[in-house]
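Q: What follows is the file my_file-v8.txt, containing compact mmCIF, C-alpha atoms and all ligand atoms:
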# COMPACT_ATOMS: atom_id res chain seq x y z
CA MET F 1 209.26 -17.31 33.62
CA VAL F 2 208.60 -13.59 33.64
CA HIS F 3 204.96 -12.64 33.92
CA VAL F 4 204.27 -9.59 31.83
CA PRO F 5 200.77 -8.63 30.67
CA PHE F 6 200.35 -9.00 26.94
CA SER F 7 199.10 -5.45 26.75
CA ASP F 8 202.48 -4.21 28.01
CA TRP F 9 204.46 -2.79 25.12
CA THR F 10 207.69 -3.55 26.91
CA LEU F 11 206.96 -7.26 26.69
CA GLY F 12 209.49 -7.79 23.92
CA LYS F 13 212.20 -5.94 25.79
CA SER F 14 211.65 -7.60 29.15
CA LEU F 15 211.84 -11.04 27.57
CA GLY F 16 214.85 -10.01 25.55
CA VAL F 17 212.96 -10.48 22.30
CA ASP F 18 213.95 -8.32 19.37
CA GLU F 19 211.23 -5.71 18.86
CA ALA F 20 211.94 -5.63 15.14
CA ILE F 21 209.89 -8.82 14.75
CA CYS F 22 206.90 -6.60 14.18
CA GLY F 23 208.91 -3.53 13.28
CA THR F 24 209.49 -0.47 15.41
CA GLU F 25 206.71 2.04 15.78
CA ASP F 26 208.55 4.31 13.32
CA GLU F 27 208.72 1.54 10.76
CA ARG F 28 205.07 0.72 11.20
CA ASN F 29 204.11 4.40 10.81
CA ARG F 30 206.22 4.75 7.70
CA ALA F 31 204.61 1.69 6.17
CA MET F 32 201.15 3.02 7.04
CA VAL F 33 201.89 6.43 5.51
CA GLY F 34 203.16 4.63 2.39
CA GLN F 35 199.84 2.78 2.13
CA LEU F 36 197.91 6.02 2.65
CA VAL F 37 199.87 7.73 -0.14
CA LYS F 38 199.13 4.82 -2.48
CA TRP F 39 195.43 4.92 -1.57
CA VAL F 40 195.25 8.71 -2.17
CA GLU F 41 197.01 8.41 -5.53
CA GLU F 42 194.70 5.64 -6.71
CA LEU F 43 191.63 7.51 -5.50
CA THR F 44 192.73 10.69 -7.31
CA ALA F 45 193.35 8.81 -10.56
CA GLU F 46 189.89 7.24 -10.29
CA ARG F 47 187.93 10.36 -9.26
CA LYS F 48 189.67 13.31 -10.91
CA PRO F 49 188.23 12.72 -14.41
CA TYR F 50 184.75 13.23 -12.93
CA ALA F 51 185.62 16.11 -10.62
CA THR F 52 184.84 19.81 -11.09
CA ALA F 53 187.82 21.93 -12.11
CA LEU F 54 188.03 24.73 -9.56
CA GLY F 55 189.10 27.20 -12.27
CA ALA F 56 185.91 26.47 -14.21
CA SER F 57 183.68 26.76 -11.15
CA LYS F 58 182.01 29.67 -9.43
CA PHE F 59 184.94 29.70 -7.01
CA LEU F 60 187.43 31.00 -9.59
CA TRP F 61 187.74 34.17 -7.49
CA LEU F 62 189.71 32.18 -4.91
CA THR F 63 192.73 32.96 -7.13
CA THR F 64 192.92 36.20 -5.12
CA TYR F 65 194.16 34.18 -2.16
CA PHE F 66 195.69 31.10 -3.73
CA GLY F 67 196.99 32.24 -7.12
CA ARG F 68 196.09 31.08 -10.59
CA GLU F 69 198.32 28.01 -10.67
CA VAL F 70 196.84 26.42 -7.54
CA VAL F 71 193.27 27.10 -8.69
CA ASP F 72 193.95 25.80 -12.21
CA GLU F 73 195.49 22.56 -10.97
CA THR F 74 192.85 21.80 -8.35
CA ALA F 75 189.54 19.99 -8.68
CA PHE F 76 186.85 19.09 -6.22
CA GLN F 77 184.08 16.55 -6.05
CA VAL F 78 180.75 16.98 -4.30
CA VAL F 79 179.97 13.72 -2.53
CA PRO F 80 177.29 12.32 -0.20
CA LEU F 81 180.02 10.70 1.93
CA LEU F 82 183.68 11.60 2.14
CA PRO F 83 186.09 8.96 0.89
CA ALA F 84 187.76 7.16 3.81
CA PRO F 85 190.77 4.87 3.64
CA PRO F 86 190.06 1.16 4.07
CA GLY F 87 190.00 0.23 7.78
CA PRO F 88 193.25 -1.71 7.98
CA ILE F 89 195.36 1.22 6.74
CA LEU F 90 193.60 3.79 8.86
CA PRO F 91 195.95 4.97 11.62
CA SER F 92 194.53 4.32 15.09
CA GLY F 93 194.30 8.03 15.93
CA LEU F 94 192.34 8.71 12.76
CA ALA F 95 190.19 5.63 13.16
CA ASP F 96 188.53 7.40 16.09
CA THR F 97 187.58 10.34 13.89
CA GLU F 98 183.94 10.39 12.98
CA TRP F 99 184.33 10.63 9.19
CA SER F 100 180.61 10.91 8.66
CA ILE F 101 180.40 14.25 10.47
CA MET F 102 183.24 15.90 8.54
CA ASP F 103 182.16 18.22 5.73
CA GLY F 104 185.28 18.23 3.60
CA ILE F 105 188.61 16.51 3.13
CA THR F 106 191.67 17.23 1.03
CA LEU F 107 193.46 14.18 -0.26
CA GLY F 108 196.59 14.98 -2.21
CA ALA F 109 197.86 18.23 -3.70
CA THR F 110 195.24 18.56 -6.41
CA MET F 111 191.94 17.32 -5.12
CA TYR F 112 189.46 17.77 -2.32
CA TYR F 113 185.99 16.48 -1.53
CA VAL F 114 183.05 18.34 -0.03
CA ARG F 115 179.72 17.05 1.17
CA GLU F 116 176.58 18.19 -0.62
CA HIS F 117 175.05 20.27 2.14
CA ARG F 118 178.10 22.55 2.32
CA SER F 119 179.22 22.41 -1.29
CA ALA F 120 178.20 26.04 -1.94
CA ASP F 121 179.98 27.37 1.17
CA PRO F 122 183.06 29.43 0.18
CA THR F 123 184.57 29.04 3.67
CA LEU F 124 184.75 25.28 3.28
CA HIS F 125 186.40 25.57 -0.15
CA PHE F 126 188.83 28.10 1.30
CA HIS F 127 189.71 25.73 4.18
CA GLU F 128 190.36 22.79 1.88
CA LEU F 129 192.49 24.94 -0.41
CA VAL F 130 194.73 25.82 2.52
CA HIS F 131 195.38 22.08 2.84
CA ILE F 132 196.03 21.89 -0.92
CA VAL F 133 198.79 24.50 -0.51
CA GLN F 134 200.19 22.62 2.52
CA TYR F 135 200.36 19.46 0.41
CA ARG F 136 202.11 21.39 -2.36
CA LEU F 137 204.68 22.85 0.02
CA LEU F 138 205.33 19.64 1.96
CA GLY F 139 204.75 16.92 -0.62
CA ILE F 140 202.07 14.27 -0.18
CA GLU F 141 204.13 11.86 1.92
CA LYS F 142 205.36 14.46 4.38
CA PHE F 143 201.92 16.06 4.67
CA LEU F 144 200.27 12.75 5.54
CA ASP F 145 203.07 11.78 7.89
CA ILE F 146 202.83 15.08 9.80
CA TYR F 147 199.03 15.10 9.72
CA VAL F 148 198.80 11.62 11.24
CA GLN F 149 201.42 12.42 13.90
CA GLU F 150 199.75 15.69 14.83
CA HIS F 151 196.31 14.13 14.93
CA THR F 152 197.48 11.23 17.06
CA SER F 153 199.42 13.32 19.56
CA ARG F 154 197.31 16.50 19.71
CA GLY F 155 193.88 15.68 18.35
CA TYR F 156 191.99 17.28 15.47
CA ARG F 157 191.63 20.90 16.63
CA ALA F 158 195.17 21.25 18.00
CA ASN F 159 196.69 19.63 14.90
CA ARG F 160 198.93 22.47 13.70
CA LEU F 161 198.05 21.84 10.05
CA GLU F 162 194.40 22.36 11.02
CA GLN F 163 195.22 25.39 13.16
CA MET F 164 196.83 27.07 10.15
CA ALA F 165 193.73 26.32 8.06
CA TYR F 166 191.31 27.57 10.74
CA SER F 167 193.23 30.76 11.41
CA ALA F 168 193.46 31.58 7.68
CA GLU F 169 189.76 30.75 7.35
CA ALA F 170 188.95 33.14 10.21
CA ALA F 171 190.89 35.98 8.53
CA PHE F 172 189.07 35.20 5.28
CA ASN F 173 185.73 35.36 7.10
CA ARG F 174 186.68 38.74 8.54
CA GLY F 175 186.93 39.99 4.96
CA LYS F 176 190.71 40.26 4.77
CA THR F 177 192.47 39.87 1.43
CA PHE F 178 195.86 38.17 1.46
CA LYS F 179 198.10 35.70 -0.34
CA ILE F 180 198.17 32.45 1.60
CA ALA F 181 201.35 30.77 0.32
CA PRO F 182 203.95 33.04 2.02
CA ILE F 183 202.04 32.85 5.32
CA LEU F 184 201.88 29.06 5.21
CA ARG F 185 205.52 28.80 4.19
CA HIS F 186 206.42 30.89 7.23
CA HIS F 187 204.36 28.75 9.62
CA LEU F 188 205.58 25.45 8.17
CA HIS F 189 209.14 26.70 8.51
CA GLN F 190 208.50 27.76 12.12
CA CYS F 191 207.26 24.25 12.88
CA GLY F 192 210.49 22.91 11.38
CA TRP F 193 208.67 21.05 8.61
CA ILE F 194 210.25 22.84 5.65
ZN ZN F 201 191.12 20.87 7.75
Rewrite the coordinates I just gave you, this time as structure tokens.
Ligand SMILES: [Zn+2]
A:
Amino acid sequence: MVHVPFSDWTLGKSLGVDEAICGTEDERNRAMVGQLVKWVEELTAERKPYATALGASKFLWLTTYFGREVVDETAFQVVPLLPAPPGPILPSGLADTEWSIMDGITLGATMYYVREHRSADPTLHFHELVHIVQYRLLGIEKFLDIYVQEHTSRGYRANRLEQMAYSAEAAFNRGKTFKIAPILRHHLHQCGWI
């Protein structure tokens, strides 16, 4: 009898038990991302009819940075609480995130959510639109996969998808005018994601 603590992840290996009984970590992550994608798609279908079209809002001028197509295809919803995935499909790294203190979240390539108290803040809309463009360039599945991996291994602020959004946001706040898509494409390529 080999005594191995149950908390030891090598338990299966040391007893010669096939790890695939519960799937490898990769398989589990893929399944979780699949569930997240499904949740985002269902949420979008449910909420988008009631959302505000960005192109018909006072933020139409964001076309300067994001282009007409992105603005026309994007909608946002002002909410008291940001939508959060049901507990069981929330990745462990993200489960630690305090959702209630976040002010905005982009879920999918066409929709984001902002909390009431910051709904008039152009910087927040700008930040979420950077994520919209990342979703468009990566695809929903790849975005969520990378986001979860980055969040789990580096944390929120060092997540490279967030770093891109915060650095673009800082340039925007300094009053610079630029097109975001080529910059993001360059960074995503440098990270080896596209
Ligand atoms: Zn962000």
Q: What separation in Å, quoted to one decimal, exists between atom CA of Glu27 of chain F and atom CA of Asp145 of chain F?
A: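 Atom CA of Glu27 of chain F sits 12.0 Å away from atom CA of Asp145 of chain F.
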Q: Counting all atoms listed in the file, which of F:His125, F:Arg154, F:Arg30, F:His186 gets nearest to ligand ZN 201 (chain F)?
A: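 Comparing F:His125, F:Arg154, F:Arg30, F:His186 against ligand ZN 201 (chain F), the winner is F:His125.
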Q: Rank nothing, just name the residue among F:Arg28, F:His151, F:Arg68, F:Lys58 nearest to ligand ZN 201 (chain F), using all atoms listed in the file.
A: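 Result for the nearest residue to ligand ZN 201 (chain F): F:His151.
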Q: Between chain F and ligand ZN 201 (chain F), at 7 Å or less, what are the per-residue closest atom pairs and their distances in Å? Count all atoms listed in the file, order by chain and rising residue number, and return it as a tab-separated table.
A:
residue	atom	partner	partner_atom	distance
F:Ile105	CA	F:ZN201	ZN	6.8
F:His127	CA	F:ZN201	ZN	6.2
F:Glu128	CA	F:ZN201	ZN	6.2
F:His131	CA	F:ZN201	ZN	6.6
F:Glu162	CA	F:ZN201	ZN	4.9
F:Ala165	CA	F:ZN201	ZN	6.1
Q: Taking all atoms listed in the file into account, name the residue in F:Gln77, F:Gln149, F:Ser167, F:Asn173 that is nearest to Thr123 of chain F.
A: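 Comparing F:Gln77, F:Gln149, F:Ser167, F:Asn173 against Thr123 of chain F, the winner is F:Asn173.
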Q: Compare F:Tyr156, F:Tyr147, F:Tyr113, F:Phe126 by their minimum atom-to-atom distance to Thr44 of chain F, counting all atoms listed in the file, and give me the closest one.
A: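 Smallest separation from Thr44 of chain F among the options: F:Tyr113.
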Q: Give me, as a list in words, all polymer residues having an atom no more than 10 Å from Gly55 of chain F, counting all atoms listed in the file and skipping those fewer than 2 positions away in the same chain.
A: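 The filter keeps Thr52, Ala53, Ser57, Lys58, Phe59, Leu60, Trp61, Leu62, Thr63, Arg68, Glu69, Val70, Val71, Asp72, Glu73, Thr74 and Ala75 of chain F.
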Q: For a cutoff of 12 Å around the file-coordinate point (204.0, 0.8, 8.4), which residues qualify once you count all atoms listed in the file? I'd like the result as a list of chain:residue names.
A: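 Every polymer residue passing the test: F:Cys22, F:Gly23, F:Thr24, F:Glu25, F:Asp26, F:Glu27, F:Arg28, F:Asn29, F:Arg30, F:Ala31, F:Met32, F:Val33, F:Gly34, F:Gln35, F:Leu36, F:Val37, F:Pro88, F:Ile89, F:Leu90, F:Pro91, F:Asp145.
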Q: Quick check, in Å to one decimal: how far apart do atom CA of Arg115 of chain F and atom CA of Thr177 of chain F lie?
A: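 For atom CA of Arg115 of chain F relative to atom CA of Thr177 of chain F, the distance reads 26.1 Å.
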Q: Between atom CA of Leu107 of chain F and atom CA of Leu144 of chain F, what is the spacing in Å?
A: 9.1 Å
Q: Smallest atom-to-atom distance to Leu137 of chain F: which of F:His189, F:Lys176, F:Arg47, F:Arg160, using all atoms listed in the file?
A: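 Checking each candidate against Leu137 of chain F, we get F:His189 as the closest.
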Q: If you take every atom of segment 163-181 of chain F that the file lists and fit an axis-aligned box around them with 3 Å extra on each side, what centre and edge lengths come out in Å to one decimal, as JSON?
A:
{"center_x": 193.5, "center_y": 32.8, "center_z": 6.4, "size_x": 21.6, "size_y": 20.9, "size_z": 19.5}
Q: What lies within 10 Å of Phe66 of chain F using all atoms listed in the file, ignoring chain neighbours under 6 positions off, as a list in words?
A: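 What passes the distance filter is Phe126, Leu129, Val130, Ile132, Val133, Phe178, Lys179, Ile180 and Ala181 of chain F.
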Q: Quick one: residues within 10 Å of Gln134 of chain F, only C-alpha atoms, excluding same-chain residues fewer than 4 positions away - as a PyMOL selection string?
A: chain F and resi 108-109+128-130+138-140+142-143+161+164-165+181+184-185+188
Q: Which residue out of F:Thr64, F:Thr106, F:Asn159, F:Ser119 has the minimum interatomic distance to Ala84 of chain F when all atoms listed in the file are used?
A: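 Nearest to Ala84 of chain F: F:Thr106.
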